[in-house]
Structure formats: C-alpha cells, structure tokens
$ cat final_39.cif   # mmCIF, N, CA and C atoms
data_work
loop_
_atom_site.group_PDB
_atom_site.id
_atom_site.type_symbol
_atom_site.label_atom_id
_atom_site.label_comp_id
_atom_site.auth_asym_id
_atom_site.auth_seq_id
_atom_site.Cartn_x
_atom_site.Cartn_y
_atom_site.Cartn_z
ATOM 1 N N MET A 709 93.303 106.880 83.484
ATOM 2 C CA MET A 709 93.755 108.113 84.085
ATOM 3 C C MET A 709 94.521 108.884 83.022
ATOM 4 N N GLY A 710 93.982 110.018 82.625
ATOM 5 C CA GLY A 710 94.621 110.841 81.607
ATOM 6 C C GLY A 710 95.757 111.659 82.192
ATOM 7 N N LYS A 711 96.418 112.413 81.317
ATOM 8 C CA LYS A 711 97.530 113.265 81.754
ATOM 9 C C LYS A 711 96.968 114.459 82.524
ATOM 10 N N ILE A 712 97.458 114.648 83.723
ATOM 11 C CA ILE A 712 97.006 115.733 84.585
ATOM 12 C C ILE A 712 98.176 116.681 84.807
ATOM 13 N N GLU A 713 97.931 117.961 84.540
ATOM 14 C CA GLU A 713 98.988 118.964 84.686
ATOM 15 C C GLU A 713 99.473 119.019 86.136
ATOM 16 N N GLY A 714 100.770 118.935 86.313
ATOM 17 C CA GLY A 714 101.372 119.008 87.638
ATOM 18 C C GLY A 714 101.583 117.666 88.310
ATOM 19 N N LEU A 715 100.987 116.617 87.764
ATOM 20 C CA LEU A 715 101.101 115.304 88.409
ATOM 21 C C LEU A 715 102.529 114.753 88.320
ATOM 22 N N ALA A 716 103.216 114.992 87.212
ATOM 23 C CA ALA A 716 104.587 114.486 87.067
ATOM 24 C C ALA A 716 105.511 115.129 88.100
ATOM 25 N N GLY A 717 105.375 116.423 88.288
ATOM 26 C CA GLY A 717 106.199 117.114 89.277
ATOM 27 C C GLY A 717 105.906 116.648 90.688
ATOM 28 N N LEU A 718 104.629 116.438 90.973
ATOM 29 C CA LEU A 718 104.228 115.954 92.295
ATOM 30 C C LEU A 718 104.727 114.526 92.512
ATOM 31 N N THR A 719 104.715 113.720 91.461
ATOM 32 C CA THR A 719 105.246 112.360 91.546
ATOM 33 C C THR A 719 106.727 112.385 91.910
ATOM 34 N N ASN A 720 107.467 113.273 91.270
ATOM 35 C CA ASN A 720 108.898 113.395 91.577
ATOM 36 C C ASN A 720 109.124 113.840 93.014
ATOM 37 N N LYS A 721 108.320 114.781 93.481
ATOM 38 C CA LYS A 721 108.450 115.267 94.859
ATOM 39 C C LYS A 721 108.194 114.132 95.857
ATOM 40 N N ILE A 722 107.130 113.366 95.617
ATOM 41 C CA ILE A 722 106.785 112.261 96.513
ATOM 42 C C ILE A 722 107.888 111.211 96.486
ATOM 43 N N ALA A 723 108.355 110.851 95.296
ATOM 44 C CA ALA A 723 109.394 109.819 95.160
ATOM 45 C C ALA A 723 110.683 110.238 95.855
ATOM 46 N N THR A 724 111.055 111.507 95.701
ATOM 47 C CA THR A 724 112.277 112.007 96.337
ATOM 48 C C THR A 724 112.165 111.933 97.850
ATOM 49 N N ARG A 725 111.025 112.333 98.380
ATOM 50 C CA ARG A 725 110.831 112.311 99.831
ATOM 51 C C ARG A 725 110.800 110.877 100.365
ATOM 52 N N LEU A 726 110.098 109.994 99.657
ATOM 53 C CA LEU A 726 109.982 108.610 100.129
ATOM 54 C C LEU A 726 111.287 107.826 99.963
ATOM 55 N N ALA A 727 112.225 108.356 99.213
ATOM 56 C CA ALA A 727 113.535 107.716 99.087
ATOM 57 C C ALA A 727 114.335 107.861 100.378
ATOM 58 N N THR A 728 114.002 108.890 101.187
ATOM 59 C CA THR A 728 114.764 109.133 102.414
ATOM 60 C C THR A 728 113.923 109.066 103.679
ATOM 61 N N LYS A 729 112.627 109.209 103.555
ATOM 62 C CA LYS A 729 111.725 109.212 104.713
ATOM 63 C C LYS A 729 110.628 108.170 104.508
ATOM 64 N N PRO A 730 110.018 107.692 105.605
ATOM 65 C CA PRO A 730 108.993 106.646 105.451
ATOM 66 C C PRO A 730 107.633 107.158 104.978
ATOM 67 N N GLU A 731 107.387 108.487 105.066
ATOM 68 C CA GLU A 731 106.091 109.010 104.667
ATOM 69 C C GLU A 731 106.232 110.444 104.195
ATOM 70 N N ILE A 732 105.198 110.889 103.476
ATOM 71 C CA ILE A 732 105.085 112.293 103.084
ATOM 72 C C ILE A 732 103.625 112.685 103.214
ATOM 73 N N PHE A 733 103.415 113.865 103.759
ATOM 74 C CA PHE A 733 102.074 114.403 103.932
ATOM 75 C C PHE A 733 101.895 115.543 102.947
ATOM 76 N N ILE A 734 100.945 115.412 102.054
ATOM 77 C CA ILE A 734 100.657 116.465 101.079
ATOM 78 C C ILE A 734 99.600 117.371 101.699
ATOM 79 N N ILE A 735 99.992 118.623 101.962
ATOM 80 C CA ILE A 735 99.073 119.560 102.606
ATOM 81 C C ILE A 735 98.943 120.876 101.837
ATOM 82 N N HIS A 736 99.801 121.103 100.855
ATOM 83 C CA HIS A 736 99.739 122.352 100.098
ATOM 84 C C HIS A 736 98.476 122.354 99.232
ATOM 85 N N PRO A 737 97.709 123.448 99.258
ATOM 86 C CA PRO A 737 96.440 123.481 98.511
ATOM 87 C C PRO A 737 96.569 123.162 97.019
ATOM 88 N N ALA A 738 97.610 123.659 96.362
ATOM 89 C CA ALA A 738 97.765 123.382 94.925
ATOM 90 C C ALA A 738 98.039 121.902 94.676
ATOM 91 N N GLU A 739 98.831 121.288 95.552
ATOM 92 C CA GLU A 739 99.130 119.862 95.408
ATOM 93 C C GLU A 739 97.893 119.024 95.723
ATOM 94 N N LEU A 740 97.149 119.422 96.752
ATOM 95 C CA LEU A 740 95.913 118.701 97.075
ATOM 96 C C LEU A 740 94.914 118.782 95.929
ATOM 97 N N ARG A 741 94.842 119.922 95.276
ATOM 98 C CA ARG A 741 93.924 120.100 94.155
ATOM 99 C C ARG A 741 94.243 119.102 93.041
ATOM 100 N N ILE A 742 95.527 118.899 92.770
ATOM 101 C CA ILE A 742 95.927 117.935 91.735
ATOM 102 C C ILE A 742 95.474 116.533 92.125
ATOM 103 N N LEU A 743 95.732 116.145 93.364
ATOM 104 C CA LEU A 743 95.388 114.790 93.804
ATOM 105 C C LEU A 743 93.883 114.597 93.939
ATOM 106 N N ARG A 744 93.164 115.642 94.327
ATOM 107 C CA ARG A 744 91.705 115.531 94.439
ATOM 108 C C ARG A 744 91.031 115.426 93.078
ATOM 109 N N SER A 745 91.742 115.833 92.022
ATOM 110 C CA SER A 745 91.161 115.717 90.686
ATOM 111 C C SER A 745 91.108 114.261 90.231
ATOM 112 N N LEU A 746 91.826 113.386 90.922
ATOM 113 C CA LEU A 746 91.803 111.953 90.619
ATOM 114 C C LEU A 746 90.686 111.278 91.402
ATOM 115 N N SER A 747 90.062 110.294 90.797
ATOM 116 C CA SER A 747 89.097 109.492 91.547
ATOM 117 C C SER A 747 89.862 108.673 92.587
ATOM 118 N N ASP A 748 89.151 108.145 93.564
ATOM 119 C CA ASP A 748 89.813 107.338 94.588
ATOM 120 C C ASP A 748 90.509 106.138 93.962
ATOM 121 N N GLN A 749 89.850 105.518 92.998
ATOM 122 C CA GLN A 749 90.430 104.355 92.319
ATOM 123 C C GLN A 749 91.690 104.757 91.561
ATOM 124 N N ASP A 750 91.659 105.884 90.857
ATOM 125 C CA ASP A 750 92.836 106.342 90.114
ATOM 126 C C ASP A 750 93.978 106.723 91.048
ATOM 127 N N LEU A 751 93.647 107.341 92.184
ATOM 128 C CA LEU A 751 94.682 107.721 93.141
ATOM 129 C C LEU A 751 95.367 106.482 93.711
ATOM 130 N N ARG A 752 94.581 105.463 94.040
ATOM 131 C CA ARG A 752 95.168 104.220 94.555
ATOM 132 C C ARG A 752 96.007 103.517 93.485
ATOM 133 N N ALA A 753 95.549 103.552 92.235
ATOM 134 C CA ALA A 753 96.320 102.949 91.142
ATOM 135 C C ALA A 753 97.622 103.719 90.923
ATOM 136 N N PHE A 754 97.561 105.048 90.987
ATOM 137 C CA PHE A 754 98.751 105.894 90.859
ATOM 138 C C PHE A 754 99.764 105.532 91.938
ATOM 139 N N ALA A 755 99.295 105.396 93.174
ATOM 140 C CA ALA A 755 100.184 105.044 94.281
ATOM 141 C C ALA A 755 100.776 103.649 94.082
ATOM 142 N N ALA A 756 99.951 102.699 93.713
ATOM 143 C CA ALA A 756 100.414 101.320 93.533
ATOM 144 C C ALA A 756 101.444 101.215 92.409
ATOM 145 N N GLN A 757 101.250 101.964 91.322
ATOM 146 C CA GLN A 757 102.209 101.940 90.214
ATOM 147 C C GLN A 757 103.594 102.384 90.662
ATOM 148 N N ASN A 758 103.634 103.229 91.682
ATOM 149 C CA ASN A 758 104.897 103.759 92.170
ATOM 150 C C ASN A 758 105.398 103.039 93.422
ATOM 151 N N GLY A 759 104.685 102.006 93.868
ATOM 152 C CA GLY A 759 105.105 101.249 95.042
ATOM 153 C C GLY A 759 104.788 101.949 96.355
ATOM 154 N N TRP A 760 103.710 102.746 96.359
ATOM 155 C CA TRP A 760 103.315 103.497 97.545
ATOM 156 C C TRP A 760 101.925 103.066 98.004
ATOM 157 N N ARG A 761 101.628 103.423 99.241
ATOM 158 C CA ARG A 761 100.263 103.336 99.769
ATOM 159 C C ARG A 761 99.779 104.763 99.956
ATOM 160 N N VAL A 762 98.494 104.964 99.832
ATOM 161 C CA VAL A 762 97.933 106.305 99.994
ATOM 162 C C VAL A 762 96.829 106.264 101.041
ATOM 163 N N VAL A 763 96.764 107.307 101.855
ATOM 164 C CA VAL A 763 95.725 107.437 102.875
ATOM 165 C C VAL A 763 95.150 108.836 102.764
ATOM 166 N N ARG A 764 93.834 108.921 102.592
ATOM 167 C CA ARG A 764 93.146 110.212 102.627
ATOM 168 C C ARG A 764 92.567 110.365 104.024
ATOM 169 N N ARG A 765 92.894 111.431 104.672
ATOM 170 C CA ARG A 765 92.377 111.675 106.018
ATOM 171 C C ARG A 765 91.036 112.381 105.950
ATOM 172 N N LEU A 766 90.197 112.132 106.962
ATOM 173 C CA LEU A 766 88.896 112.786 107.028
ATOM 174 C C LEU A 766 89.087 114.299 107.070
ATOM 175 N N GLY A 767 88.217 114.986 106.423
ATOM 176 C CA GLY A 767 88.327 116.430 106.368
ATOM 177 C C GLY A 767 89.046 116.897 105.122
ATOM 178 N N GLY A 768 89.808 116.011 104.493
ATOM 179 C CA GLY A 768 90.451 116.317 103.236
ATOM 180 C C GLY A 768 91.585 117.321 103.299
ATOM 181 N N ARG A 769 92.128 117.556 104.475
ATOM 182 C CA ARG A 769 93.188 118.553 104.593
ATOM 183 C C ARG A 769 94.568 118.009 104.299
ATOM 184 N N GLN A 770 94.688 116.696 104.194
ATOM 185 C CA GLN A 770 95.977 116.124 103.821
ATOM 186 C C GLN A 770 95.780 114.749 103.201
ATOM 187 N N ILE A 771 96.716 114.409 102.344
ATOM 188 C CA ILE A 771 96.779 113.079 101.751
ATOM 189 C C ILE A 771 98.168 112.562 102.055
ATOM 190 N N GLU A 772 98.243 111.341 102.557
ATOM 191 C CA GLU A 772 99.515 110.771 102.992
ATOM 192 C C GLU A 772 99.945 109.662 102.042
ATOM 193 N N PHE A 773 101.243 109.619 101.787
ATOM 194 C CA PHE A 773 101.830 108.547 100.990
ATOM 195 C C PHE A 773 102.890 107.857 101.825
ATOM 196 N N TYR A 774 102.924 106.531 101.715
ATOM 197 C CA TYR A 774 103.900 105.704 102.428
ATOM 198 C C TYR A 774 104.500 104.722 101.439
ATOM 199 N N ASN A 775 105.733 104.302 101.688
ATOM 200 C CA ASN A 775 106.293 103.204 100.907
ATOM 201 C C ASN A 775 105.496 101.959 101.243
ATOM 202 N N ASP A 776 105.120 101.202 100.240
ATOM 203 C CA ASP A 776 104.337 99.986 100.442
ATOM 204 C C ASP A 776 105.292 98.826 100.659
ATOM 205 N N ALA A 777 105.403 98.364 101.883
ATOM 206 C CA ALA A 777 106.349 97.300 102.239
ATOM 207 C C ALA A 777 106.054 96.006 101.483
ATOM 208 N N SER A 778 104.794 95.712 101.223
ATOM 209 C CA SER A 778 104.474 94.472 100.507
ATOM 210 C C SER A 778 104.966 94.533 99.068
ATOM 211 N N THR A 779 104.923 95.689 98.446
ATOM 212 C CA THR A 779 105.434 95.845 97.098
ATOM 213 C C THR A 779 106.946 95.740 97.087
ATOM 214 N N ARG A 780 107.585 96.352 98.061
ATOM 215 C CA ARG A 780 109.044 96.326 98.121
ATOM 216 C C ARG A 780 109.537 94.906 98.403
ATOM 217 N N ALA A 781 108.834 94.152 99.226
ATOM 218 C CA ALA A 781 109.232 92.767 99.518
ATOM 219 C C ALA A 781 109.140 91.919 98.255
ATOM 220 N N ASP A 782 108.083 92.144 97.456
ATOM 221 C CA ASP A 782 107.929 91.389 96.224
ATOM 222 C C ASP A 782 109.019 91.725 95.217
ATOM 223 N N SER A 783 109.423 92.992 95.147
ATOM 224 C CA SER A 783 110.430 93.404 94.161
ATOM 225 C C SER A 783 111.823 92.905 94.541
ATOM 226 N N THR A 784 112.087 92.672 95.832
ATOM 227 C CA THR A 784 113.396 92.194 96.226
ATOM 228 C C THR A 784 113.554 90.689 95.956
ATOM 229 N N LYS A 785 112.448 89.981 95.825
ATOM 230 C CA LYS A 785 112.490 88.550 95.540
ATOM 231 C C LYS A 785 112.808 88.277 94.077
ATOM 232 N N ALA A 786 112.474 89.225 93.221
ATOM 233 C CA ALA A 786 112.660 89.022 91.772
ATOM 234 C C ALA A 786 114.105 89.103 91.350
#

$ encode --input "final_39.cif" --output "structure tokens"
Amino acid sequence: MGKIEGLAGLTNKIATRLATKPEIFIIHPAELRILRSLSDQDLRAFAAQNGWRVVRRLGGRQIEFYNDASTRADSTKA
C-alpha cells in the first residue's frame, strides 16, 4: 500500500473518534474516495494495523470502522 494523499488525515480523524466512541461512519464523498482507492485487502490491512475493524456496506455509501476488541484484548495481555 503506497502513500495515498489524505490518508494520514483520515487516519487521525478515525483514531480521534474511536478514542471516545465505539464506531465511526465515513460518509463524506471526499473521504470515501480516499478509502475506495484502496483494495479491499489493503483497507483491511490498514484497519488491522490501527487496531480497527472495517465494514463496507452494500451500496458503497458508507464505510464503518470499529475498535477491534480482539486486538485490544491481545495488547492488554502484553
């Protein structure tokens, strides 16, 4: 996964929201365009690297991110 313009800012937005809420729904067209530029495999890897789960809804009008409880459980054991 190469460097994608706007991905760092979107990562910060998602991380900030997930620090206080259990989920974030990405619905803004510019943000969706950034995430749609990633393959499904790259999007899942991006989410996993940050300790999130990702769900693409049918119709493509939103992409959801959630804190991945299994990742957080593993990190608390270390």

$ atom_distance --input "final_39.cif" --atom1 "atom C of Ile712 (chain A)" --atom2 "CA of Ile742 (chain A)"
7.4 Å

$ residues_around --input "final_39.cif" --residues "Ala755 (chain A)" --least-positions-apart "6" --cutoff "8 Å" --atoms "only N, CA and C atoms" --output "ChimeraX atom specification"
/A:749,761-762,773,776

$ atom_distance --input "final_39.cif" --atom1 "CA of Lys729 (chain A)" --atom2 "atom N of Lys711 (chain A)"
28.1 Å

$ resolve_selection --input "final_39.cif" --expression "the PyMOL selection byres (((chain A and resi 735 and name CA) around 9) and name CA)" --output "PDB file with N, CA and C atoms, in the coordinates of the input"
ATOM      1  N   PHE A 733     103.415 113.865 103.759  1.00  0.00           N
ATOM      2  CA  PHE A 733     102.074 114.403 103.932  1.00  0.00           C
ATOM      3  C   PHE A 733     101.895 115.543 102.947  1.00  0.00           C
ATOM      4  N   ILE A 734     100.945 115.412 102.054  1.00  0.00           N
ATOM      5  CA  ILE A 734     100.657 116.465 101.079  1.00  0.00           C
ATOM      6  C   ILE A 734      99.600 117.371 101.699  1.00  0.00           C
ATOM      7  N   HIS A 736      99.801 121.103 100.855  1.00  0.00           N
ATOM      8  CA  HIS A 736      99.739 122.352 100.098  1.00  0.00           C
ATOM      9  C   HIS A 736      98.476 122.354  99.232  1.00  0.00           C
ATOM     10  N   PRO A 737      97.709 123.448  99.258  1.00  0.00           N
ATOM     11  CA  PRO A 737      96.440 123.481  98.511  1.00  0.00           C
ATOM     12  C   PRO A 737      96.569 123.162  97.019  1.00  0.00           C
ATOM     13  N   ALA A 738      97.610 123.659  96.362  1.00  0.00           N
ATOM     14  CA  ALA A 738      97.765 123.382  94.925  1.00  0.00           C
ATOM     15  C   ALA A 738      98.039 121.902  94.676  1.00  0.00           C
ATOM     16  N   GLU A 739      98.831 121.288  95.552  1.00  0.00           N
ATOM     17  CA  GLU A 739      99.130 119.862  95.408  1.00  0.00           C
ATOM     18  C   GLU A 739      97.893 119.024  95.723  1.00  0.00           C
ATOM     19  N   LEU A 740      97.149 119.422  96.752  1.00  0.00           N
ATOM     20  CA  LEU A 740      95.913 118.701  97.075  1.00  0.00           C
ATOM     21  C   LEU A 740      94.914 118.782  95.929  1.00  0.00           C
ATOM     22  N   ARG A 769      92.128 117.556 104.475  1.00  0.00           N
ATOM     23  CA  ARG A 769      93.188 118.553 104.593  1.00  0.00           C
ATOM     24  C   ARG A 769      94.568 118.009 104.299  1.00  0.00           C
ATOM     25  N   GLN A 770      94.688 116.696 104.194  1.00  0.00           N
ATOM     26  CA  GLN A 770      95.977 116.124 103.821  1.00  0.00           C
ATOM     27  C   GLN A 770      95.780 114.749 103.201  1.00  0.00           C
ATOM     28  N   ILE A 771      96.716 114.409 102.344  1.00  0.00           N
ATOM     29  CA  ILE A 771      96.779 113.079 101.751  1.00  0.00           C
ATOM     30  C   ILE A 771      98.168 112.562 102.055  1.00  0.00           C
ATOM     31  N   GLU A 772      98.243 111.341 102.557  1.00  0.00           N
ATOM     32  CA  GLU A 772      99.515 110.771 102.992  1.00  0.00           C
ATOM     33  C   GLU A 772      99.945 109.662 102.042  1.00  0.00           C
TER      34      GLU A 772
END

$ closest_residue --input "final_39.cif" --among "A:Leu743, A:Thr728, A:Ser778, A:Gly759" --to "Leu715 (chain A)" --atoms "only N, CA and C atoms"
A:Leu743

$ select_by_dssp --input "final_39.cif" --residues "chain A" --states "helix (DSSP H, G or I)" --output "ChimeraX atom specification"
/A:715-726,737-744,748-757,777-785

$ select_by_dssp --input "final_39.cif" --residues "chain A" --states "strand (DSSP E or B)" --output "NGL selection string"
:A and (731-734 or 760-764 or 771-775)

$ atom_distance --input "final_39.cif" --atom1 "CA of Lys721 (chain A)" --atom2 "CA of Gly768 (chain A)"
19.9 Å

$ closest_residue --input "final_39.cif" --among "A:Arg765, A:Gly714, A:Asn758, A:Ala753" --to "Arg741 (chain A)" --atoms "only C-alpha atoms"
A:Gly714

$ axis_aligned_box --input "final_39.cif" --around "region 743-752 of chain A" --padding-each-side "4 Å" --output "AutoDock Vina command-line options"
--center_x 92.6 --center_y 109.8 --center_z 92.4 --size_x 14.9 --size_y 20.6 --size_z 12.5

$ build_atoms --input "final_39.cif" --residues "region 730-743 of chain A" --atoms "N, CA, C and O atoms" --output "PDB file, keeping the file's coordinate frame"
ATOM      1  N   PRO A 730     110.018 107.692 105.605  1.00  0.00           N
ATOM      2  CA  PRO A 730     108.993 106.646 105.451  1.00  0.00           C
ATOM      3  C   PRO A 730     107.633 107.158 104.978  1.00  0.00           C
ATOM      4  O   PRO A 730     106.819 106.379 104.519  1.00  0.00           O
ATOM      5  N   GLU A 731     107.387 108.487 105.066  1.00  0.00           N
ATOM      6  CA  GLU A 731     106.091 109.010 104.667  1.00  0.00           C
ATOM      7  C   GLU A 731     106.232 110.444 104.195  1.00  0.00           C
ATOM      8  O   GLU A 731     107.227 111.103 104.456  1.00  0.00           O
ATOM      9  N   ILE A 732     105.198 110.889 103.476  1.00  0.00           N
ATOM     10  CA  ILE A 732     105.085 112.293 103.084  1.00  0.00           C
ATOM     11  C   ILE A 732     103.625 112.685 103.214  1.00  0.00           C
ATOM     12  O   ILE A 732     102.730 111.913 102.863  1.00  0.00           O
ATOM     13  N   PHE A 733     103.415 113.865 103.759  1.00  0.00           N
ATOM     14  CA  PHE A 733     102.074 114.403 103.932  1.00  0.00           C
ATOM     15  C   PHE A 733     101.895 115.543 102.947  1.00  0.00           C
ATOM     16  O   PHE A 733     102.634 116.522 102.996  1.00  0.00           O
ATOM     17  N   ILE A 734     100.945 115.412 102.054  1.00  0.00           N
ATOM     18  CA  ILE A 734     100.657 116.465 101.079  1.00  0.00           C
ATOM     19  C   ILE A 734      99.600 117.371 101.699  1.00  0.00           C
ATOM     20  O   ILE A 734      98.471 116.938 101.954  1.00  0.00           O
ATOM     21  N   ILE A 735      99.992 118.623 101.962  1.00  0.00           N
ATOM     22  CA  ILE A 735      99.073 119.560 102.606  1.00  0.00           C
ATOM     23  C   ILE A 735      98.943 120.876 101.837  1.00  0.00           C
ATOM     24  O   ILE A 735      98.065 121.673 102.132  1.00  0.00           O
ATOM     25  N   HIS A 736      99.801 121.103 100.855  1.00  0.00           N
ATOM     26  CA  HIS A 736      99.739 122.352 100.098  1.00  0.00           C
ATOM     27  C   HIS A 736      98.476 122.354  99.232  1.00  0.00           C
ATOM     28  O   HIS A 736      98.190 121.370  98.542  1.00  0.00           O
ATOM     29  N   PRO A 737      97.709 123.448  99.258  1.00  0.00           N
ATOM     30  CA  PRO A 737      96.440 123.481  98.511  1.00  0.00           C
ATOM     31  C   PRO A 737      96.569 123.162  97.019  1.00  0.00           C
ATOM     32  O   PRO A 737      95.733 122.449  96.470  1.00  0.00           O
ATOM     33  N   ALA A 738      97.610 123.659  96.362  1.00  0.00           N
ATOM     34  CA  ALA A 738      97.765 123.382  94.925  1.00  0.00           C
ATOM     35  C   ALA A 738      98.039 121.902  94.676  1.00  0.00           C
ATOM     36  O   ALA A 738      97.530 121.316  93.710  1.00  0.00           O
ATOM     37  N   GLU A 739      98.831 121.288  95.552  1.00  0.00           N
ATOM     38  CA  GLU A 739      99.130 119.862  95.408  1.00  0.00           C
ATOM     39  C   GLU A 739      97.893 119.024  95.723  1.00  0.00           C
ATOM     40  O   GLU A 739      97.623 118.028  95.042  1.00  0.00           O
ATOM     41  N   LEU A 740      97.149 119.422  96.752  1.00  0.00           N
ATOM     42  CA  LEU A 740      95.913 118.701  97.075  1.00  0.00           C
ATOM     43  C   LEU A 740      94.914 118.782  95.929  1.00  0.00           C
ATOM     44  O   LEU A 740      94.218 117.813  95.633  1.00  0.00           O
ATOM     45  N   ARG A 741      94.842 119.922  95.276  1.00  0.00           N
ATOM     46  CA  ARG A 741      93.924 120.100  94.155  1.00  0.00           C
ATOM     47  C   ARG A 741      94.243 119.102  93.041  1.00  0.00           C
ATOM     48  O   ARG A 741      93.328 118.514  92.451  1.00  0.00           O
ATOM     49  N   ILE A 742      95.527 118.899  92.770  1.00  0.00           N
ATOM     50  CA  ILE A 742      95.927 117.935  91.735  1.00  0.00           C
ATOM     51  C   ILE A 742      95.474 116.533  92.125  1.00  0.00           C
ATOM     52  O   ILE A 742      94.881 115.807  91.324  1.00  0.00           O
ATOM     53  N   LEU A 743      95.732 116.145  93.364  1.00  0.00           N
ATOM     54  CA  LEU A 743      95.388 114.790  93.804  1.00  0.00           C
ATOM     55  C   LEU A 743      93.883 114.597  93.939  1.00  0.00           C
ATOM     56  O   LEU A 743      93.368 113.513  93.679  1.00  0.00           O
TER      57      LEU A 743
END
